[in-house]
Structure formats: structure tokens, C-alpha cells
$ cat start-v9.txt   # compact mmCIF, C-alpha atoms (C1' of nucleotides)
# COMPACT_ATOMS: atom_id res chain seq x y z
CA MET A 1 116.87 107.04 91.77
CA GLU A 2 118.33 104.96 88.95
CA GLY A 3 121.22 102.57 88.53
CA HIS A 4 124.52 104.37 89.09
CA GLU A 5 128.03 103.43 88.39
CA ASP A 6 129.76 102.20 91.53
CA ILE A 7 132.75 103.70 93.24
CA GLU A 8 135.27 101.38 91.64
CA GLU A 9 134.22 102.41 88.17
CA VAL A 10 134.70 106.07 88.96
CA LEU A 11 138.03 105.47 90.66
CA SER A 12 139.33 103.46 87.75
CA ARG A 13 138.48 106.34 85.48
CA LEU A 14 140.63 108.56 87.65
CA LYS A 15 143.46 106.08 87.52
CA ALA A 16 143.16 105.80 83.76
CA GLU A 17 143.75 109.54 83.46
CA ASP A 18 146.83 109.39 85.68
CA PHE A 19 145.30 111.01 88.73
CA LYS A 20 146.22 109.70 92.13
CA LEU A 21 143.73 107.69 94.12
CA THR A 22 143.88 109.43 97.45
CA GLN A 23 141.78 108.63 100.47
CA GLN A 24 140.18 112.07 100.20
CA ARG A 25 139.06 111.51 96.62
CA ARG A 26 137.74 108.10 97.51
CA LEU A 27 135.67 109.56 100.34
CA ILE A 28 134.31 112.42 98.27
CA VAL A 29 133.17 110.12 95.47
CA GLN A 30 131.67 107.74 97.98
CA LYS A 31 129.66 110.47 99.72
CA LEU A 32 128.59 111.90 96.40
CA LEU A 33 127.24 108.53 95.34
CA SER A 34 125.49 107.84 98.63
CA ASP A 35 123.77 111.19 98.78
CA GLU A 36 122.85 111.48 95.15
CA ASP A 37 119.26 112.54 95.56
CA ASN A 38 120.10 115.46 97.82
CA HIS A 39 122.13 117.67 95.52
CA PRO A 40 124.71 118.48 98.18
CA SER A 41 126.77 121.66 98.15
CA ALA A 42 130.54 121.64 98.58
CA GLU A 43 130.12 122.52 102.22
CA GLU A 44 127.66 119.67 102.76
CA ILE A 45 129.96 117.19 101.07
CA TYR A 46 132.75 118.54 103.23
CA HIS A 47 130.75 117.76 106.38
CA MET A 48 129.83 114.28 105.20
CA VAL A 49 133.45 113.52 104.42
CA ARG A 50 134.61 115.00 107.71
CA SER A 51 132.36 112.71 109.68
CA GLU A 52 134.62 109.93 108.49
CA ASP A 53 137.95 111.75 108.32
CA PRO A 54 138.09 115.05 110.22
CA GLU A 55 141.41 115.97 108.65
CA VAL A 56 140.06 116.67 105.18
CA GLY A 57 140.06 120.33 104.15
CA LEU A 58 137.35 122.24 102.37
CA ALA A 59 139.75 123.31 99.64
CA THR A 60 140.35 119.68 98.80
CA VAL A 61 136.64 119.14 98.39
CA TYR A 62 136.44 122.05 95.98
CA ARG A 63 139.50 120.88 94.07
CA THR A 64 138.20 117.34 93.80
CA LEU A 65 134.76 118.44 92.68
CA ASP A 66 136.40 120.60 90.08
CA LEU A 67 138.45 117.67 88.85
CA LEU A 68 135.48 115.34 88.71
CA GLN A 69 133.57 117.95 86.80
CA ARG A 70 136.33 118.33 84.20
CA LEU A 71 136.27 114.57 83.75
CA ASP A 72 132.49 114.69 83.21
CA ILE A 73 131.95 112.50 86.24
CA VAL A 74 130.15 115.16 88.19
CA HIS A 75 127.70 117.85 87.17
CA LYS A 76 127.64 121.25 88.86
CA VAL A 77 124.20 122.80 89.17
CA ASN A 78 123.16 126.20 90.34
CA PHE A 79 119.75 126.55 91.94
CA GLY A 80 120.15 130.24 92.55
CA ASP A 81 120.66 130.01 96.31
CA GLY A 82 124.18 131.34 96.18
CA LYS A 83 126.07 128.07 96.29
CA ALA A 84 126.80 125.43 93.69
CA ARG A 85 125.45 121.92 94.09
CA TYR A 86 126.84 118.72 92.70
CA GLU A 87 125.44 115.49 91.33
CA MET A 88 126.93 112.43 89.66
CA ARG A 89 126.38 112.26 85.94
CA GLY A 90 124.40 109.06 85.43
CA GLU A 91 124.10 107.12 82.21
CA GLN A 92 121.19 109.33 81.22
CA HIS A 93 123.01 112.48 80.28
CA GLN A 94 120.24 114.99 80.75
CA HIS A 95 117.50 115.40 83.24
CA HIS A 96 115.42 118.27 84.47
CA HIS A 97 114.87 119.76 87.89
CA LEU A 98 111.55 120.88 89.29
CA LEU A 99 111.93 123.17 92.29
CA CYS A 100 109.12 123.83 94.73
CA THR A 101 109.13 127.54 95.54
CA GLU A 102 107.31 126.86 98.80
CA CYS A 103 109.15 124.02 100.52
CA GLY A 104 112.33 123.81 98.47
CA LEU A 105 111.75 120.25 97.31
CA ILE A 106 113.83 119.27 94.31
CA HIS A 107 112.21 116.77 92.01
CA GLU A 108 114.10 115.15 89.18
CA VAL A 109 112.61 114.17 85.88
CA GLY A 110 114.73 111.51 84.33
CA GLU A 111 113.77 112.09 80.77
CA ASP A 112 115.07 114.80 78.54
CA LEU A 113 112.05 116.48 77.01
CA LEU A 114 113.90 119.18 75.16
CA GLY A 115 115.00 117.43 71.99
CA GLU A 116 112.18 118.88 69.95
CA VAL A 117 112.71 122.37 71.33
CA GLU A 118 116.40 122.19 70.50
CA GLU A 119 115.61 121.19 66.92
CA LYS A 120 113.33 124.18 66.56
CA LEU A 121 115.98 126.46 67.99
CA THR A 122 118.66 125.10 65.69
CA ALA A 123 116.43 125.65 62.69
CA ARG A 124 115.59 129.15 63.83
CA THR A 125 118.95 130.45 64.97
CA GLY A 126 121.67 128.43 63.30
CA PHE A 127 123.23 127.52 66.66
CA ARG A 128 124.62 124.04 67.09
CA ILE A 129 123.23 123.28 70.52
CA SER A 130 125.22 120.85 72.63
CA ASP A 131 123.84 121.26 76.12
CA HIS A 132 121.19 122.93 78.18
CA ASP A 133 120.43 123.92 81.71
CA VAL A 134 116.78 123.86 82.68
CA LYS A 135 114.92 124.49 85.90
CA PHE A 136 111.18 124.65 86.42
CA TYR A 137 109.70 126.51 89.38
CA GLY A 138 106.31 125.90 90.90
CA LEU A 139 104.40 124.18 93.66
CA CYS A 140 104.92 120.53 94.45
CA PRO A 141 101.80 118.38 94.91
CA ASP A 142 101.94 118.66 98.71
CA CYS A 143 102.25 122.44 98.83
CA LEU A 144 99.63 122.77 96.12
CA CYS A 145 97.30 120.72 98.29
CA SER A 146 97.99 122.87 101.36
CA GLU A 147 97.29 125.98 99.38
CA VAL A 148 93.94 124.69 98.16
CA GLN A 149 92.97 123.77 101.71
CA ALA A 150 93.94 127.21 102.98
CA GLU A 151 91.77 128.82 100.33
CA ALA A 152 88.81 126.63 101.27
CA GLN A 153 89.06 127.71 104.91
CA GLN A 154 88.74 131.40 104.18
CA MET B 155 115.06 143.99 70.23
CA GLU B 156 111.35 144.54 70.82
CA GLY B 157 109.12 147.37 71.96
CA HIS B 158 109.82 148.18 75.61
CA GLU B 159 107.96 150.22 78.10
CA ASP B 160 109.48 153.64 78.45
CA ILE B 161 111.08 155.15 81.52
CA GLU B 162 108.03 157.08 82.58
CA GLU B 163 105.93 153.97 82.74
CA VAL B 164 108.41 152.23 85.02
CA LEU B 165 108.81 155.29 87.22
CA SER B 166 105.07 155.70 87.62
CA ARG B 167 104.90 152.12 88.78
CA LEU B 168 107.42 152.95 91.46
CA LYS B 169 105.41 155.99 92.48
CA ALA B 170 102.23 153.93 92.60
CA GLU B 171 103.85 151.64 95.15
CA ASP B 172 104.96 154.55 97.30
CA PHE B 173 108.64 154.35 96.52
CA LYS B 174 110.57 157.54 96.07
CA LEU B 175 111.63 158.66 92.65
CA THR B 176 115.27 159.46 93.24
CA GLN B 177 117.76 160.57 90.64
CA GLN B 178 119.69 157.33 91.23
CA ARG B 179 116.69 155.13 90.48
CA ARG B 180 115.90 157.19 87.41
CA LEU B 181 119.42 156.72 86.11
CA ILE B 182 119.50 153.01 86.81
CA VAL B 183 116.22 152.37 85.02
CA GLN B 184 117.34 154.53 82.13
CA LYS B 185 120.61 152.67 81.69
CA LEU B 186 118.87 149.34 82.04
CA LEU B 187 116.48 150.26 79.23
CA SER B 188 119.19 151.62 76.96
CA ASP B 189 121.46 148.61 77.34
CA GLU B 190 118.79 145.95 77.24
CA ASP B 191 120.46 143.65 74.76
CA ASN B 192 123.69 143.39 76.73
CA HIS B 193 122.55 141.73 79.95
CA PRO B 194 124.63 144.01 82.14
CA SER B 195 125.86 142.97 85.57
CA ALA B 196 125.42 145.18 88.62
CA GLU B 197 128.97 146.39 88.23
CA GLU B 198 128.40 147.29 84.58
CA ILE B 199 125.22 149.17 85.39
CA TYR B 200 127.16 150.93 88.14
CA HIS B 201 129.75 152.12 85.62
CA MET B 202 127.11 153.26 83.14
CA VAL B 203 125.33 155.22 85.84
CA ARG B 204 128.60 156.67 87.14
CA SER B 205 129.45 158.09 83.74
CA GLU B 206 126.55 160.43 84.29
CA ASP B 207 126.69 160.87 88.07
CA PRO B 208 129.98 159.81 89.69
CA GLU B 209 128.50 160.06 93.17
CA VAL B 210 126.27 157.01 92.90
CA GLY B 211 127.35 154.06 95.04
CA LEU B 212 127.46 150.41 94.08
CA ALA B 213 125.26 149.46 97.03
CA THR B 214 122.52 151.69 95.68
CA VAL B 215 122.68 149.89 92.36
CA TYR B 216 122.28 146.54 94.12
CA ARG B 217 119.44 147.83 96.28
CA THR B 218 117.62 149.33 93.34
CA LEU B 219 118.00 146.20 91.22
CA ASP B 220 116.67 144.20 94.12
CA LEU B 221 113.68 146.50 94.42
CA LEU B 222 112.94 146.42 90.70
CA GLN B 223 113.14 142.66 90.81
CA ARG B 224 110.65 142.41 93.65
CA LEU B 225 108.27 144.59 91.62
CA ASP B 226 108.69 142.27 88.63
CA ILE B 227 110.14 145.09 86.57
CA VAL B 228 113.53 143.49 86.25
CA HIS B 229 114.62 139.90 85.82
CA LYS B 230 117.83 138.57 87.37
CA VAL B 231 119.63 135.96 85.32
CA ASN B 232 122.62 133.84 86.13
CA PHE B 233 124.81 132.74 83.26
CA GLY B 234 127.19 130.88 85.50
CA ASP B 235 130.05 133.36 85.24
CA GLY B 236 129.93 134.24 88.90
CA LYS B 237 127.88 137.40 88.71
CA ALA B 238 124.19 138.07 88.25
CA ARG B 239 122.94 139.88 85.18
CA TYR B 240 119.82 141.94 84.81
CA GLU B 241 117.26 142.59 82.09
CA MET B 242 113.97 144.43 81.90
CA ARG B 243 110.93 142.20 81.86
CA GLY B 244 109.24 143.03 78.57
CA GLU B 245 105.64 142.38 77.70
CA GLN B 246 106.57 138.89 76.60
CA HIS B 247 107.10 137.23 79.93
CA GLN B 248 109.36 134.39 78.94
CA HIS B 249 112.22 134.10 76.55
CA HIS B 250 115.17 131.79 76.20
CA HIS B 251 118.88 132.40 76.09
CA LEU B 252 121.32 130.71 73.76
CA LEU B 253 124.92 131.05 74.91
CA CYS B 254 127.86 130.51 72.60
CA THR B 255 130.48 128.52 74.48
CA GLU B 256 133.18 129.85 72.16
CA CYS B 257 132.73 133.60 71.91
CA GLY B 258 130.27 134.25 74.72
CA LEU B 259 127.56 135.63 72.47
CA ILE B 260 124.14 135.70 74.08
CA HIS B 261 121.26 135.24 71.69
CA GLU B 262 117.68 135.72 72.80
CA VAL B 263 114.76 133.78 71.47
CA GLY B 264 111.66 135.84 71.99
CA GLU B 265 109.22 132.99 71.96
CA ASP B 266 108.51 130.67 74.79
CA LEU B 267 108.76 127.16 73.40
CA LEU B 268 108.25 125.31 76.65
CA GLY B 269 104.50 125.32 77.05
CA GLU B 270 104.17 121.78 75.78
CA VAL B 271 107.00 120.52 77.95
CA GLU B 272 105.45 122.11 81.01
CA GLU B 273 102.15 120.42 80.29
CA LYS B 274 103.87 117.07 80.10
CA LEU B 275 105.69 117.74 83.35
CA THR B 276 102.51 118.78 85.12
CA ALA B 277 100.76 115.63 84.00
CA ARG B 278 103.71 113.53 85.07
CA THR B 279 104.65 115.06 88.40
CA GLY B 280 101.61 116.91 89.76
CA PHE B 281 103.60 120.14 90.07
CA ARG B 282 101.86 123.38 89.23
CA ILE B 283 104.61 125.02 87.22
CA SER B 284 104.69 128.80 87.25
CA ASP B 285 108.07 129.70 85.87
CA HIS B 286 111.20 128.33 84.31
CA ASP B 287 114.79 129.20 83.76
CA VAL B 288 116.34 127.87 80.59
CA LYS B 289 119.70 128.23 78.96
CA PHE B 290 121.02 126.47 75.88
CA TYR B 291 124.72 126.11 75.25
CA GLY B 292 126.38 125.59 71.91
CA LEU B 293 128.14 127.24 69.02
CA CYS B 294 126.76 130.33 67.36
CA PRO B 295 126.65 130.38 63.54
CA ASP B 296 129.90 132.37 63.29
CA CYS B 297 131.92 130.11 65.58
CA LEU B 298 130.41 127.05 63.96
CA CYS B 299 131.62 128.37 60.63
CA SER B 300 135.13 129.04 61.93
CA GLU B 301 135.29 125.54 63.30
CA VAL B 302 134.29 123.98 60.00
CA GLN B 303 136.95 126.02 58.20
CA ALA B 304 139.60 124.99 60.70
CA GLU B 305 138.73 121.35 60.17
CA ALA B 306 138.97 121.75 56.40
CA GLN B 307 142.48 123.18 56.68
CA GLN B 308 143.89 120.23 58.54
C1' DA C 309 109.29 167.60 109.13
C1' DT C 310 109.22 162.97 108.33
C1' DC C 311 111.00 158.86 106.99
C1' DT C 312 112.90 156.72 103.02
C1' DC C 313 117.03 156.44 100.50
C1' DT C 314 121.90 157.02 99.82
C1' DG C 315 127.15 156.59 100.17
C1' DC C 316 130.69 154.76 102.53
C1' DA C 317 133.16 151.22 104.61
C1' DA C 318 133.09 147.13 106.82
C1' DA C 319 131.09 142.58 106.87
C1' DC C 320 129.78 138.36 104.49
C1' DC C 321 130.13 134.07 102.21
C1' DA C 322 131.26 130.91 98.63
C1' DT C 323 135.18 129.85 96.22
C1' DT C 324 140.22 130.13 94.92
C1' DT C 325 145.09 130.27 95.65
C1' DG C 326 150.10 130.17 97.61
C1' DC C 327 152.91 127.39 99.97
C1' DA C 328 155.27 123.90 102.72
C1' DA C 329 154.43 119.33 104.13
C1' DC C 330 152.57 114.83 102.71
C1' DC C 331 151.67 110.56 100.35
C1' DG C 332 150.50 107.63 96.21
C1' DT C 333 153.08 105.96 92.51
C1' DA D 334 162.54 109.71 95.34
C1' DC D 335 159.47 112.32 92.41
C1' DG D 336 155.67 115.21 91.60
C1' DG D 337 150.99 115.36 92.23
C1' DT D 338 147.98 116.32 96.23
C1' DT D 339 146.73 118.13 100.59
C1' DG D 340 145.61 121.41 104.70
C1' DC D 341 145.92 125.66 106.28
C1' DA D 342 145.28 130.37 106.11
C1' DA D 343 145.06 134.25 103.51
C1' DA D 344 143.19 136.35 99.36
C1' DT D 345 139.43 137.08 96.19
C1' DG D 346 135.19 138.83 94.28
C1' DG D 347 130.37 139.48 94.18
C1' DT D 348 126.89 140.94 97.15
C1' DT D 349 124.92 142.64 101.64
C1' DT D 350 124.55 145.50 105.69
C1' DG D 351 125.03 149.20 109.58
C1' DC D 352 124.98 153.73 110.15
C1' DA D 353 124.87 158.75 109.89
C1' DG D 354 123.71 162.19 106.71
C1' DA D 355 120.96 163.68 102.47
C1' DG D 356 116.89 164.22 99.83
C1' DA D 357 111.92 163.21 98.21
C1' DT D 358 107.36 163.67 99.76

$ encode --input "start-v9.txt" --output "C-alpha cells"
Amino acid sequence: MEGHEDIEEVLSRLKAEDFKLTQQRRLIVQKLLSDEDNHPSAEEIYHMVRSEDPEVGLATVYRTLDLLQRLDIVHKVNFGDGKARYEMRGEQHQHHHLLCTECGLIHEVGEDLLGEVEEKLTARTGFRISDHDVKFYGLCPDCLCSEVQAEAQQ
Amino acid sequence: MEGHEDIEEVLSRLKAEDFKLTQQRRLIVQKLLSDEDNHPSAEEIYHMVRSEDPEVGLATVYRTLDLLQRLDIVHKVNFGDGKARYEMRGEQHQHHHLLCTECGLIHEVGEDLLGEVEEKLTARTGFRISDHDVKFYGLCPDCLCSEVQAEAQQ
DNA sequence: ATCTCTGCAAACCATTTGCAACCGT
DNA sequence: ACGGTTGCAAATGGTTTGCAGAGAT
């Protein structure tokens, strides 16, 4: 979707913080980077990794994701379907998610449009806002189109 | 925090949809209304209800919350602490939550400030947006103050 | 009297944890 | 060789479900 850091950069960050560069961690980062637009869950990452090394355990995937998250390399998102999903943090720190309630499509909006809103909130509440978590729900263009057609047929 | 519908109004909505008005449902709605500012979890509602009728089961609380949610009477929110929380849907349909990352305070902002952002997103993506889920994270005024004092002491 | 609703306990499912073996440094 | 890291299996914790009995209409 946009230019990402490559594997080596991520791995060198791990090394810099004195974490070991295991094959498992390498694989997990690699799969995470290659499947970035899909917002994979831990289980899905586990399967992707397993297709290359069937010895890797699910617990390791969870532990690695947790580590990457603490290092701000990975972002954990919750779309309300009962499992967490993970995405690399790109250079753009914030982006928004649009979820289609019909087909489940997840559309990303690269820009952060909430700066103004946060300023208003700071002025109004005295909070020092440092982060936000935003999801928009609605119909994607395709499903919207199908709905209009269905209405016309009645 | 703001004028809510009273119990009778909610219960008559249930009756209108042909659901039975049981003592358990009465109690759950009542506790939900009386504890509106606290964003109780299912377990917390369960305890509140149990203080009045120790026979009520946790499953009933979950089933009732699910029902109320389907009828748009209750809104389920996820603050990322592993359990869902519930609040009555007031007349104002949307509001935002500000979460203090230090003390856990949850501050509500009654107004919906996202209309403009949604318009931009619609224009940009073609989605027909119908709802959103927004949380802001930061320091509440009190914790911000404590932090400033701590810095001064160094 | 009917049929929904309830309580209980067991099932579920994502995630976490204890522990002995393993492997990157 | 040391100590972080792993795989396994068991534990956890919130939520759901099957079922027989209870209660609202």
C-alpha cells in the first residue's frame, strides 16, 4: 500500500535492543510484511509461518507479536470479531480503517484526519491526547451498488 | 450525565417487540440505567443484579445484553481490556470516549465531532458510512498535572 | 397451556503461562 | 556455556450453548 521498511531494518532494530534473531522471529516478520494489507490474526500468521516451518508453535507467534508491539514495530487492532489483528507500523503513524458491514472489506485511509478533532477535544477537556483508535462502519462502493440495484428490482 | 429514558420506556419497547418482561430483564435494565457513567462489564452488571436477586445467572445477563443490543437499546463497547462493556444508547446517538492511559479514567464527550471527517471519507472512498467507533488515549488533567509536578521535582 | 426464558454446567475460543529442551550469542 | 527463546500442553478468562425446569403471556 505504501513504502515499508524491509525485513533487515526490522531485524536490526531487534538486535539493537539485545533480542535474539531467531528463525521464528525472522519468519513472523517476513510474513507480516508480505501480508500487510490483510490484517492477519495471530492464527493466520501462525498458518503462514507454518507453511514454511511446521515446527513453529502458536505461543511463539503470540510472544513475538507481543514483543514487536512493545517495540512499536507492530500495531494490534481489534475489529470486534473476537480476535486481535496485526499490522506493521509504517512511517505514517496513524491511519484509519473503513469496514464494510456487508462483505467485511477493510479499506485503509492513509491520512490522519483527526488532528483538528483532537485539538478541539484538548481545548474542551484538558486531556493531553497522544493516540486514537478509529473505525468507520458502512457499505463499500460495491455493496452500496448491489443494494441500489436490489432496490430498483423491487 | 444527560437525560435518559426511564425504565418503563425501555420495558415497553421490549413488550412491543413481543419479548417477555421478566424480573431478570427488569433488573438488568435498571442497573444499566443507574450505573450509566461507569461502563460496566457483563460481570459487573451480574454482580449488581445479584445484590438484589442472588438467583440470577451470568448467562442470562449475557443473553439480555445481547438482546438489548440487537434492539439498539444498549451499545457494546470494547476498551481493549479483554472484556466488553455496555452503555445505554441515549438520545444522542454518538459520543466519544477519552481514556486516560495512567489512571484508567473514562471521559465521555457528548458531541459527535466526526461529521466533517466522515464527509471527507465518503468523498474520498465512496463508502456510505453509517457508524463509527472512536477512542482517544492520553492523560487526563489530573494525571497530566501529577506528571508535570514530578518533572519539576527532578 | 404454550412457548419463551432461565439457571446450571459444560463447551468454546483466543490468549497466556509453566517448564524442560533448544539455540543464538 | 549462558540465558534468552521455543514447543508443548495445560491453564485462563470472557463468552456461548444445550438442556430440563420455571415463569410470563

$ residues_around --input "start-v9.txt" --residues "B:Leu259" --least-positions-apart "5" --cutoff "8 Å" --atoms "only C-alpha atoms (C1' of nucleotides)" --output "list of chain:residue names"
B:Leu253, B:Cys254, B:Cys294

$ residues_around --input "start-v9.txt" --residues "A:Ser12" --least-positions-apart "6" --cutoff "10 Å" --atoms "only C-alpha atoms (C1' of nucleotides)" --output "ChimeraX atom specification"
/A:18-19,21

$ calpha_fit_and_write --input "start-v9.txt" --fixed "chain B" --moving "chain A" --output "tab-separated table (two decimals) with C-alpha atoms, in the coordinates of the input"
chain	number	residue	atom	x	y	z
A	1	MET	CA	114.97	143.94	70.32
A	2	GLU	CA	111.24	144.51	70.79
A	3	GLY	CA	109.04	147.35	71.95
A	4	HIS	CA	109.76	148.18	75.59
A	5	GLU	CA	107.96	150.23	78.08
A	6	ASP	CA	109.55	153.66	78.43
A	7	ILE	CA	111.12	155.16	81.49
A	8	GLU	CA	108.06	157.11	82.54
A	9	GLU	CA	105.96	153.99	82.70
A	10	VAL	CA	108.43	152.27	84.97
A	11	LEU	CA	108.83	155.32	87.18
A	12	SER	CA	105.10	155.72	87.56
A	13	ARG	CA	104.92	152.14	88.72
A	14	LEU	CA	107.43	152.99	91.42
A	15	LYS	CA	105.43	156.01	92.44
A	16	ALA	CA	102.24	153.98	92.55
A	17	GLU	CA	103.83	151.67	95.10
A	18	ASP	CA	104.95	154.58	97.28
A	19	PHE	CA	108.63	154.40	96.47
A	20	LYS	CA	110.56	157.60	96.06
A	21	LEU	CA	111.66	158.72	92.64
A	22	THR	CA	115.29	159.48	93.25
A	23	GLN	CA	117.80	160.57	90.67
A	24	GLN	CA	119.72	157.34	91.24
A	25	ARG	CA	116.70	155.16	90.49
A	26	ARG	CA	115.92	157.20	87.43
A	27	LEU	CA	119.45	156.73	86.12
A	28	ILE	CA	119.53	153.01	86.82
A	29	VAL	CA	116.25	152.39	85.01
A	30	GLN	CA	117.38	154.55	82.14
A	31	LYS	CA	120.67	152.67	81.71
A	32	LEU	CA	118.90	149.36	82.05
A	33	LEU	CA	116.54	150.29	79.25
A	34	SER	CA	119.25	151.64	76.97
A	35	ASP	CA	121.50	148.63	77.34
A	36	GLU	CA	118.85	145.98	77.23
A	37	ASP	CA	120.49	143.64	74.77
A	38	ASN	CA	123.71	143.40	76.74
A	39	HIS	CA	122.55	141.74	79.93
A	40	PRO	CA	124.64	144.01	82.15
A	41	SER	CA	125.85	142.97	85.59
A	42	ALA	CA	125.41	145.18	88.65
A	43	GLU	CA	128.97	146.38	88.28
A	44	GLU	CA	128.43	147.27	84.62
A	45	ILE	CA	125.25	149.16	85.42
A	46	TYR	CA	127.16	150.91	88.17
A	47	HIS	CA	129.77	152.11	85.66
A	48	MET	CA	127.16	153.27	83.17
A	49	VAL	CA	125.36	155.22	85.87
A	50	ARG	CA	128.61	156.65	87.18
A	51	SER	CA	129.50	158.07	83.81
A	52	GLU	CA	126.59	160.41	84.34
A	53	ASP	CA	126.71	160.85	88.11
A	54	PRO	CA	129.98	159.80	89.76
A	55	GLU	CA	128.48	160.05	93.22
A	56	VAL	CA	126.27	156.99	92.95
A	57	GLY	CA	127.34	154.02	95.08
A	58	LEU	CA	127.44	150.39	94.10
A	59	ALA	CA	125.25	149.43	97.05
A	60	THR	CA	122.53	151.67	95.69
A	61	VAL	CA	122.67	149.87	92.38
A	62	TYR	CA	122.26	146.54	94.11
A	63	ARG	CA	119.43	147.84	96.28
A	64	THR	CA	117.62	149.35	93.32
A	65	LEU	CA	117.99	146.23	91.21
A	66	ASP	CA	116.64	144.23	94.10
A	67	LEU	CA	113.66	146.54	94.38
A	68	LEU	CA	112.93	146.46	90.67
A	69	GLN	CA	113.13	142.71	90.76
A	70	ARG	CA	110.61	142.46	93.61
A	71	LEU	CA	108.27	144.65	91.58
A	72	ASP	CA	108.68	142.32	88.59
A	73	ILE	CA	110.14	145.14	86.54
A	74	VAL	CA	113.52	143.53	86.22
A	75	HIS	CA	114.60	139.93	85.79
A	76	LYS	CA	117.79	138.60	87.35
A	77	VAL	CA	119.58	135.97	85.29
A	78	ASN	CA	122.55	133.84	86.11
A	79	PHE	CA	124.76	132.72	83.26
A	80	GLY	CA	127.12	130.84	85.50
A	81	ASP	CA	129.99	133.32	85.29
A	82	GLY	CA	129.85	134.20	88.95
A	83	LYS	CA	127.83	137.38	88.73
A	84	ALA	CA	124.15	138.07	88.26
A	85	ARG	CA	122.92	139.89	85.18
A	86	TYR	CA	119.80	141.95	84.79
A	87	GLU	CA	117.26	142.59	82.07
A	88	MET	CA	113.97	144.46	81.87
A	89	ARG	CA	110.92	142.24	81.83
A	90	GLY	CA	109.23	143.04	78.52
A	91	GLU	CA	105.62	142.39	77.66
A	92	GLN	CA	106.57	138.89	76.58
A	93	HIS	CA	107.07	137.25	79.92
A	94	GLN	CA	109.35	134.42	78.92
A	95	HIS	CA	112.19	134.10	76.53
A	96	HIS	CA	115.15	131.81	76.19
A	97	HIS	CA	118.87	132.42	76.08
A	98	LEU	CA	121.30	130.74	73.74
A	99	LEU	CA	124.90	131.08	74.89
A	100	CYS	CA	127.84	130.53	72.59
A	101	THR	CA	130.46	128.54	74.49
A	102	GLU	CA	133.17	129.83	72.17
A	103	CYS	CA	132.71	133.59	71.93
A	104	GLY	CA	130.25	134.25	74.73
A	105	LEU	CA	127.54	135.65	72.48
A	106	ILE	CA	124.12	135.73	74.08
A	107	HIS	CA	121.25	135.27	71.69
A	108	GLU	CA	117.67	135.76	72.77
A	109	VAL	CA	114.74	133.82	71.45
A	110	GLY	CA	111.62	135.81	71.98
A	111	GLU	CA	109.19	132.98	71.98
A	112	ASP	CA	108.50	130.65	74.83
A	113	LEU	CA	108.75	127.15	73.44
A	114	LEU	CA	108.26	125.32	76.69
A	115	GLY	CA	104.50	125.30	77.09
A	116	GLU	CA	104.16	121.77	75.81
A	117	VAL	CA	107.02	120.51	77.95
A	118	GLU	CA	105.48	122.08	81.03
A	119	GLU	CA	102.16	120.37	80.32
A	120	LYS	CA	103.91	117.03	80.09
A	121	LEU	CA	105.74	117.69	83.33
A	122	THR	CA	102.57	118.71	85.13
A	123	ALA	CA	100.85	115.55	83.99
A	124	ARG	CA	103.80	113.44	85.03
A	125	THR	CA	104.72	114.95	88.37
A	126	GLY	CA	101.72	116.77	89.76
A	127	PHE	CA	103.69	120.02	90.10
A	128	ARG	CA	101.93	123.26	89.31
A	129	ILE	CA	104.65	124.92	87.28
A	130	SER	CA	104.70	128.70	87.33
A	131	ASP	CA	108.08	129.63	85.93
A	132	HIS	CA	111.21	128.29	84.36
A	133	ASP	CA	114.80	129.19	83.78
A	134	VAL	CA	116.32	127.87	80.59
A	135	LYS	CA	119.70	128.26	78.95
A	136	PHE	CA	120.99	126.50	75.87
A	137	TYR	CA	124.72	126.13	75.24
A	138	GLY	CA	126.36	125.61	71.90
A	139	LEU	CA	128.13	127.26	69.00
A	140	CYS	CA	126.75	130.36	67.35
A	141	PRO	CA	126.65	130.41	63.54
A	142	ASP	CA	129.90	132.38	63.29
A	143	CYS	CA	131.92	130.13	65.58
A	144	LEU	CA	130.41	127.07	63.95
A	145	CYS	CA	131.60	128.39	60.61
A	146	SER	CA	135.12	129.02	61.93
A	147	GLU	CA	135.27	125.54	63.30
A	148	VAL	CA	134.28	123.98	59.99
A	149	GLN	CA	136.93	126.02	58.21
A	150	ALA	CA	139.58	124.97	60.70
A	151	GLU	CA	138.69	121.33	60.14
A	152	ALA	CA	138.93	121.75	56.37
A	153	GLN	CA	142.45	123.17	56.66
A	154	GLN	CA	143.86	120.18	58.50

$ interface_residues --input "start-v9.txt" --of "chain A" --to "chain C" --cutoff "8 Å" --atoms "all atoms listed in the file" --output "list of chain:residue names"
A:Lys20, A:Leu21, A:Thr22, A:Tyr62, A:Gly82, A:Lys83

$ atom_distance --input "start-v9.txt" --atom1 "atom CA of B:Lys185" --atom2 "atom CA of B:Ile199"
6.9 Å

$ interface_residues --input "start-v9.txt" --of "chain B" --to "chain A" --cutoff "7 Å" --atoms "all atoms listed in the file" --output "list in words"
Leu267, Val271, Gly280, Phe281, Arg282, Ile283, Ser284, Asp285, His286, Asp287, Val288, Lys289, Phe290, Tyr291, Gly292, Leu293, Cys294 and Pro295 of chain B

$ interface_residues --input "start-v9.txt" --of "chain A" --to "chain D" --cutoff "8 Å" --atoms "only C-alpha atoms (C1' of nucleotides)" --output "VMD selection string"
chain A and resid 19 to 20 55 to 57 59 to 60

$ atom_distance --input "start-v9.txt" --atom1 "atom CA of A:Glu91" --atom2 "atom CA of A:Ile73"
10.3 Å

$ atom_distance --input "start-v9.txt" --atom1 "atom CA of B:Tyr240" --atom2 "atom CA of B:Ser205"
18.8 Å
